[in-house]
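Asks: File name entry-v3.pdb; file contents PDB, C-alpha atoms; full text below.
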ATOM      1  CA  MET O  21      37.900  18.402 -26.597
ATOM      2  CA  ARG O  22      39.906  21.565 -27.000
ATOM      3  CA  SER O  23      36.758  23.580 -27.625
ATOM      4  CA  ARG O  24      35.033  22.205 -24.532
ATOM      5  CA  GLU O  25      38.057  22.929 -22.351
ATOM      6  CA  ALA O  26      38.310  26.468 -23.722
ATOM      7  CA  ASP O  27      34.613  27.065 -22.993
ATOM      8  CA  ALA O  28      35.082  25.755 -19.457
ATOM      9  CA  ARG O  29      38.020  28.074 -18.878
ATOM     10  CA  LEU O  30      36.053  31.063 -20.133
ATOM     11  CA  GLU O  31      33.108  30.165 -17.919
ATOM     12  CA  MET O  32      35.374  29.901 -14.891
ATOM     13  CA  ILE O  33      36.927  33.294 -15.633
ATOM     14  CA  ARG O  34      33.480  34.833 -16.059
ATOM     15  CA  ALA O  35      32.332  33.406 -12.706
ATOM     16  CA  LEU O  36      35.431  34.701 -10.939
ATOM     17  CA  MET O  37      34.952  38.154 -12.438
ATOM     18  CA  LYS O  38      31.298  38.209 -11.416
ATOM     19  CA  ARG O  39      32.123  37.240  -7.831
ATOM     20  CA  GLY O  40      34.889  39.837  -7.773
ATOM     21  CA  GLU O  41      32.490  42.643  -8.682
ATOM     22  CA  ARG O  42      30.749  42.556  -5.284
ATOM     23  CA  TRP O  43      32.551  44.280  -2.436
ATOM     24  CA  PRO O  44      32.605  41.901   0.561
ATOM     25  CA  GLY O  45      33.465  44.565   3.130
ATOM     26  CA  LEU O  46      29.927  45.174   4.418
ATOM     27  CA  SER O  47      29.636  43.282   7.705
ATOM     28  CA  ALA O  48      26.338  41.720   8.771
ATOM     29  CA  GLY O  49      27.526  41.766  12.385
ATOM     30  CA  ALA O  50      28.180  45.506  12.236
ATOM     31  CA  CYS O  51      24.685  46.044  10.805
ATOM     32  CA  PHE O  52      23.054  44.078  13.642
ATOM     33  CA  ALA O  53      25.113  45.975  16.232
ATOM     34  CA  ALA O  54      24.082  49.324  14.726
ATOM     35  CA  ALA O  55      20.440  48.200  14.696
ATOM     36  CA  ALA O  56      20.510  47.212  18.365
ATOM     37  CA  CYS O  57      22.187  50.481  19.382
ATOM     38  CA  ALA O  58      19.651  52.550  17.423
ATOM     39  CA  VAL O  59      16.667  50.798  18.995
ATOM     40  CA  LEU O  60      18.113  51.118  22.491
ATOM     41  CA  LEU O  61      18.924  54.792  22.001
ATOM     42  CA  ALA O  62      15.456  55.543  20.640
ATOM     43  CA  TRP O  63      13.902  53.813  23.655
ATOM     44  CA  TRP O  64      16.201  55.690  26.056
ATOM     45  CA  CYS O  65      15.496  59.075  24.443
ATOM     46  CA  GLU O  66      11.779  58.432  24.570
ATOM     47  CA  ARG O  67      11.993  57.516  28.244
ATOM     48  CA  ARG O  68      13.982  60.670  29.013
ATOM     49  CA  GLY O  69      11.682  62.887  26.976
ATOM     50  CA  LEU O  70      14.420  63.813  24.521
ATOM     51  CA  GLY O  71      13.118  64.632  21.054
ATOM     52  CA  PHE O  72      13.803  66.955  18.160
ATOM     53  CA  GLU O  73      11.784  69.950  19.318
ATOM     54  CA  GLY O  74      13.126  73.442  19.592
ATOM     55  CA  ARG O  75      14.139  76.386  17.501
ATOM     56  CA  ILE O  76      17.573  77.819  16.805
ATOM     57  CA  THR O  77      17.785  81.562  17.480
ATOM     58  CA  PRO O  78      20.746  83.918  17.952
ATOM     59  CA  SER O  79      19.929  84.152  21.647
ATOM     60  CA  THR O  80      19.895  80.380  22.143
ATOM     61  CA  PRO O  81      23.185  79.432  23.842
ATOM     62  CA  ASP O  82      22.854  75.710  23.196
ATOM     63  CA  PRO O  83      19.996  74.844  20.836
ATOM     64  CA  TYR O  84      20.701  71.104  21.069
ATOM     65  CA  ARG O  85      20.519  70.917  24.827
ATOM     66  CA  ASN O  86      17.717  68.701  26.129
ATOM     67  CA  THR O  87      17.229  67.179  22.684
ATOM     68  CA  ALA O  88      18.086  63.765  21.252
ATOM     69  CA  ILE O  89      20.347  65.252  18.582
ATOM     70  CA  PRO O  90      23.725  65.035  20.386
ATOM     71  CA  TRP O  91      23.029  61.422  21.322
ATOM     72  CA  TRP O  92      22.107  60.389  17.786
ATOM     73  CA  ALA O  93      25.088  62.260  16.363
ATOM     74  CA  SER O  94      27.416  60.506  18.815
ATOM     75  CA  LEU O  95      25.916  57.137  17.907
ATOM     76  CA  ALA O  96      26.429  57.860  14.203
ATOM     77  CA  VAL O  97      30.127  58.596  14.756
ATOM     78  CA  ALA O  98      30.570  55.490  16.921
ATOM     79  CA  CYS O  99      28.789  53.239  14.415
ATOM     80  CA  PHE O 100      30.825  54.567  11.515
ATOM     81  CA  ALA O 101      34.032  53.893  13.462
ATOM     82  CA  GLY O 102      32.770  50.384  14.204
ATOM     83  CA  PHE O 103      31.936  49.883  10.536
ATOM     84  CA  LEU O 104      35.488  50.836   9.545
ATOM     85  CA  ALA O 105      36.913  48.484  12.161
ATOM     86  CA  ALA O 106      34.693  45.606  11.004
ATOM     87  CA  THR O 107      35.647  46.270   7.379
ATOM     88  CA  ALA O 108      39.367  46.223   8.180
ATOM     89  CA  THR O 109      39.035  43.098  10.343
ATOM     90  CA  GLY O 110      37.077  41.234   7.674
ATOM     91  CA  ALA O 111      39.615  42.125   5.000
ATOM     92  CA  THR O 112      42.475  40.905   7.196
ATOM     93  CA  ARG O 113      40.693  37.583   7.750
ATOM     94  CA  ARG O 114      40.330  37.156   3.988
ATOM     95  CA  GLY O 115      44.033  37.833   3.541
ATOM     96  CA  GLU O 116      43.429  41.187   1.866
ATOM     97  CA  PRO O 117      44.740  44.678   2.685
ATOM     98  CA  PRO O 118      42.561  46.355   5.347
ATOM     99  CA  PHE O 119      41.709  49.217   2.984
ATOM    100  CA  SER O 120      42.094  48.131  -0.609
ATOM    101  CA  ARG O 121      41.358  50.263  -3.643
ATOM    102  CA  GLN O 122      37.906  48.711  -3.883
ATOM    103  CA  THR O 123      37.244  49.506  -0.220
ATOM    104  CA  TRP O 124      38.262  53.139  -0.689
ATOM    105  CA  ALA O 125      35.996  53.381  -3.736
ATOM    106  CA  ALA O 126      33.073  51.977  -1.707
ATOM    107  CA  LEU O 127      33.713  54.387   1.164
ATOM    108  CA  LEU O 128      33.981  57.348  -1.181
ATOM    109  CA  SER O 129      30.639  56.426  -2.748
ATOM    110  CA  ILE O 130      28.839  57.011   0.534
ATOM    111  CA  ALA O 131      30.945  60.002   1.655
ATOM    112  CA  PRO O 132      29.055  62.780  -0.229
ATOM    113  CA  ALA O 133      25.733  61.820   1.350
ATOM    114  CA  LEU O 134      27.252  61.713   4.837
ATOM    115  CA  PHE O 135      28.953  65.045   4.173
ATOM    116  CA  ALA O 136      25.636  66.597   3.140
ATOM    117  CA  GLY O 137      23.861  65.235   6.217
ATOM    118  CA  ALA O 138      26.545  66.574   8.554
ATOM    119  CA  PHE O 139      26.475  70.081   7.108
ATOM    120  CA  LEU O 140      22.691  70.260   6.813
ATOM    121  CA  THR O 141      22.287  69.412  10.507
ATOM    122  CA  PRO O 142      23.107  72.872  11.930
ATOM    123  CA  ALA O 143      21.277  74.673   9.112
ATOM    124  CA  LEU O 144      17.828  73.060   9.295
ATOM    125  CA  PRO O 145      14.981  73.275  11.821
ATOM    126  CA  LEU O 146      15.381  70.609  14.483
ATOM    127  CA  PRO O 147      12.144  68.731  13.681
ATOM    128  CA  ALA O 148      13.342  68.218  10.083
ATOM    129  CA  LEU O 149      16.562  66.483  11.091
ATOM    130  CA  PRO O 150      15.332  62.863  11.410
ATOM    131  CA  ALA O 151      13.898  62.857   7.883
ATOM    132  CA  THR O 152      16.973  64.664   6.530
ATOM    133  CA  TRP O 153      19.297  62.085   8.065
ATOM    134  CA  MET O 154      17.236  59.222   6.640
ATOM    135  CA  LEU O 155      17.204  60.752   3.171
ATOM    136  CA  CYS O 156      20.935  61.515   3.155
ATOM    137  CA  TYR O 157      21.853  58.137   4.577
ATOM    138  CA  GLY O 158      19.547  56.333   2.166
ATOM    139  CA  THR O 159      21.174  58.126  -0.751
ATOM    140  CA  GLY O 160      24.601  57.048   0.469
ATOM    141  CA  VAL O 161      23.573  53.421   1.002
ATOM    142  CA  CYS O 162      22.033  53.324  -2.492
ATOM    143  CA  ALA O 163      25.386  54.489  -3.868
ATOM    144  CA  LEU O 164      27.100  51.800  -1.792
ATOM    145  CA  GLY O 165      24.844  49.282  -3.508
ATOM    146  CA  TRP O 166      26.972  49.600  -6.660
ATOM    147  CA  PHE O 167      29.714  47.863  -4.671
ATOM    148  CA  ALA O 168      27.892  45.851  -1.989
ATOM    149  CA  GLY O 169      25.100  44.596  -4.231
ATOM    150  CA  PHE O 170      21.365  44.065  -3.888
ATOM    151  CA  PRO O 171      21.082  44.185  -0.040
ATOM    152  CA  ALA O 172      22.529  47.688   0.185
ATOM    153  CA  THR O 173      20.454  48.960  -2.729
ATOM    154  CA  VAL O 174      17.188  47.710  -1.228
ATOM    155  CA  THR O 175      18.062  49.090   2.198
ATOM    156  CA  GLY O 176      18.976  52.480   0.754
ATOM    157  CA  LEU O 177      15.676  52.717  -1.101
ATOM    158  CA  LEU O 178      13.756  51.847   2.061
ATOM    159  CA  PHE O 179      15.647  54.577   3.941
ATOM    160  CA  LEU O 180      14.488  57.037   1.291
ATOM    161  CA  VAL O 181      10.903  55.873   1.750
ATOM    162  CA  ALA O 182      11.211  56.212   5.527
ATOM    163  CA  GLY O 183      12.638  59.708   5.164
ATOM    164  CA  ALA O 184       9.857  60.780   2.841
ATOM    165  CA  LEU O 185       7.201  59.431   5.223
ATOM    166  CA  THR O 186       8.837  61.095   8.222
ATOM    167  CA  LEU O 187       8.962  64.411   6.389
ATOM    168  CA  ASN O 188       5.491  64.482   4.855
ATOM    169  CA  THR O 189       3.166  62.464   7.078
ATOM    170  CA  PRO O 190       2.037  62.555  10.740
ATOM    171  CA  LEU O 191       4.869  60.132  11.466
ATOM    172  CA  LYS O 192       7.059  63.222  11.843
ATOM    173  CA  PHE O 193       5.478  63.694  15.286
ATOM    174  CA  HIS O 194       7.125  60.431  16.398
ATOM    175  CA  PRO O 195      10.777  61.040  15.514
ATOM    176  CA  ASN O 196      12.344  58.583  17.945
ATOM    177  CA  ALA O 197      10.044  55.809  16.786
ATOM    178  CA  MET O 198      10.934  56.522  13.160
ATOM    179  CA  MET O 199      14.634  56.617  13.996
ATOM    180  CA  ALA O 200      14.269  53.202  15.620
ATOM    181  CA  ALA O 201      12.297  51.846  12.663
ATOM    182  CA  SER O 202      14.772  53.144  10.094
ATOM    183  CA  PHE O 203      18.248  53.069  11.632
ATOM    184  CA  GLY O 204      17.251  50.114  13.784
ATOM    185  CA  GLY O 205      14.899  48.041  11.683
ATOM    186  CA  LEU O 206      16.478  48.687   8.302
ATOM    187  CA  HIS O 207      19.984  47.954   9.565
ATOM    188  CA  ALA O 208      18.655  44.659  10.930
ATOM    189  CA  LEU O 209      17.125  43.974   7.502
ATOM    190  CA  LEU O 210      20.439  44.761   5.818
ATOM    191  CA  GLY O 211      22.288  42.389   8.141
ATOM    192  CA  THR O 212      19.748  39.652   7.431
ATOM    193  CA  LEU O 213      20.039  40.115   3.669
ATOM    194  CA  LEU O 214      23.826  40.001   3.894
ATOM    195  CA  LEU O 215      23.667  36.756   5.889
ATOM    196  CA  LEU O 216      21.300  35.193   3.369
ATOM    197  CA  GLN O 217      23.548  36.314   0.541
ATOM    198  CA  SER O 218      26.633  34.836   2.188
ATOM    199  CA  ARG O 219      24.894  31.477   2.715
ATOM    200  CA  LYS O 220      23.459  31.284  -0.781
ATOM    201  CA  PRO O 221      25.046  28.538  -2.885
ATOM    202  CA  ASP O 222      27.359  29.876  -5.533
ATOM    203  CA  ASP O 223      25.409  29.255  -8.724
ATOM    204  CA  ASP O 224      28.248  30.600 -10.791
ATOM    205  CA  HIS O 225      30.670  27.902  -9.679
ATOM    206  CA  VAL O 226      31.861  25.788 -12.590
ATOM    207  CA  PRO O 227      33.849  22.685 -11.689
ATOM    208  CA  PHE O 228      37.010  22.697 -13.719
ATOM    209  CA  ASP O 229      40.009  20.434 -13.781
ATOM    210  CA  PRO O 230      43.092  22.203 -15.033
ATOM    211  CA  VAL O 231      44.668  20.633 -18.059
ATOM    212  CA  GLU O 232      48.338  19.977 -17.745
ATOM    213  CA  ASP O 233      50.526  21.976 -20.043
ATOM    214  CA  ARG O 234      51.790  19.859 -22.870
TER
END
Would you write out, as C-alpha cells, the structure that this file holds?

Replies:
Amino acid sequence: MRSREADARLEMIRALMKRGERWPGLSAGACFAAAACAVLLAWWCERRGLGFEGRITPSTPDPYRNTAIPWWASLAVACFAGFLAATATGATRRGEPPFSRQTWAALLSIAPALFAGAFLTPALPLPALPATWMLCYGTGVCALGWFAGFPATVTGLLFLVAGALTLNTPLKFHPNAMMAASFGGLHALLGTLLLLQSRKPDDDHVPFDPVEDR
C-alpha cells in the first residue's frame, strides 16, 4: 500500500511539473486578432497600390512614402502592444502576476529576433523587407516555442519557410499577398493550434486521494 501511494504521489508531481513547463501566456484571441488585421491591411495596401518598391538614396527625402512599410510597421507595434496586454490580462485571470519570471523569459526569447528585424529594416533594399521580417519573426517564434510549446514551434518554422519562398521565388513579386499569407494565415493557424491544445484532455492527470497524516 505504501509503495502504491508513493508511486501515485510521484506520478502526480511529475504531471504537475510537465504542465508547469509550458508557458500559458500565448493568447489564441490575440493571434486571431493579429491575423485579421494583417489580412485587412494587405487587402487595403493592395487596393491603394502600396507595395515595397523603391530605392533608398541620399537624395530621397522620405524613401518610405507611398509604400506599405509604415503601415506594416505600425501594425507590428500595435499587435505587440496587444499581445502584451492579452498576456497580462490572461495572467491576472489565472491569479498570477501579470509579468512573472517565466513571462519575462518568454519575452526575452523573442526579443533578439525582433531587434534584428527592426534594425535591418532601414539598412536593406525595400523589396527584401517582407522576407526579412518573416525570417526574423519566424526565428523569434521558434525560440518562443521553448516556452509556449508545439504550436509556436510549428508556426515559427512555417514563417521561415514563407520567408525563404518570398526571398527566392517569384512570390517576391507579390509582397502584400505573402504578408497576408504569413502574418495573417500563420497567426490564424497558431490561434487554432492553441485552441486545440487548450481543449485537449489532460492525459497526464492522475487521480489521487491524499492520505491523511498519521

Asks: Enumerate, as a PyMOL selection string, the residues matched when the PyMOL selection byres ((chain O and resi 171-180) around 10) is run on the file above.

Replies: chain O and resi 46+151-170+181-186+201-203+206-217

Asks: Have a look at O:Ala197, O:Ala136, O:Ala126, O:Ala58 and name the one nearest to O:Ala96; count all atoms listed in the file.

Replies: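 Using all atoms listed in the file, O:Ala96 sits closest to O:Ala58.
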
Asks: Identify all residues satisfying the PyMOL selection byres ((chain O and resi 109) around 12) in the given file; provide them as a list of chain:residue names.

Replies: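 Matching residues under the PyMOL selection byres ((chain O and resi 109) around 12) are O:Pro44, O:Gly45, O:Leu46, O:Ser47, O:Gly49, O:Ala50, O:Gly102, O:Phe103, O:Leu104, O:Ala105, O:Ala106, O:Thr107, O:Ala108, O:Gly110, O:Ala111, O:Thr112, O:Arg113, O:Arg114, O:Gly115, O:Glu116, O:Pro117, O:Pro118, O:Phe119.
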
Asks: Would you write out, as number ranges by chain, every residue that the PyMOL selection byres ((chain O and resi 147) around 6) captures in this file?

Replies: O: 72-73, 145-146, 148-149

Asks: Go ahead and fit an axis-aligned box to every listed atom of stretch 137-143 of chain O plus 4 Å each side, and pass me the centre and edge lengths in Å, one decimal, as lines of an AutoDock Vina configuration file.

Replies:
center_x = 23.9
center_y = 70.0
center_z = 9.1
size_x = 13.3
size_y = 17.4
size_z = 13.7

Asks: To one decimal place in Å, what is the distance between atom CA of O:Gly204 and atom CA of O:Leu61?

Replies: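 Separation between atom CA of O:Gly204 and atom CA of O:Leu61: 9.6 Å.
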
Asks: Taking into account only C-alpha atoms, which residue in the set O:Lys192, O:Arg219, O:Arg67, O:Arg42 is nearest to O:Pro150?

Replies: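 Under the stated criterion, the closest residue is O:Lys192.
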
Asks: I need the residue nearest O:Leu60 from this list: O:Trp92, O:Tyr84, O:Trp43, O:Phe100. Use all atoms listed in the file for the distance.

Replies: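 Answer, going by the shortest atom-to-atom distance: O:Trp92.
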
Asks: Mind pulling up the distance from atom CA of O:Gly205 to atom CA of O:Ala143?

Replies: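 For atom CA of O:Ala143 relative to atom CA of O:Gly205, the distance reads 27.5 Å.
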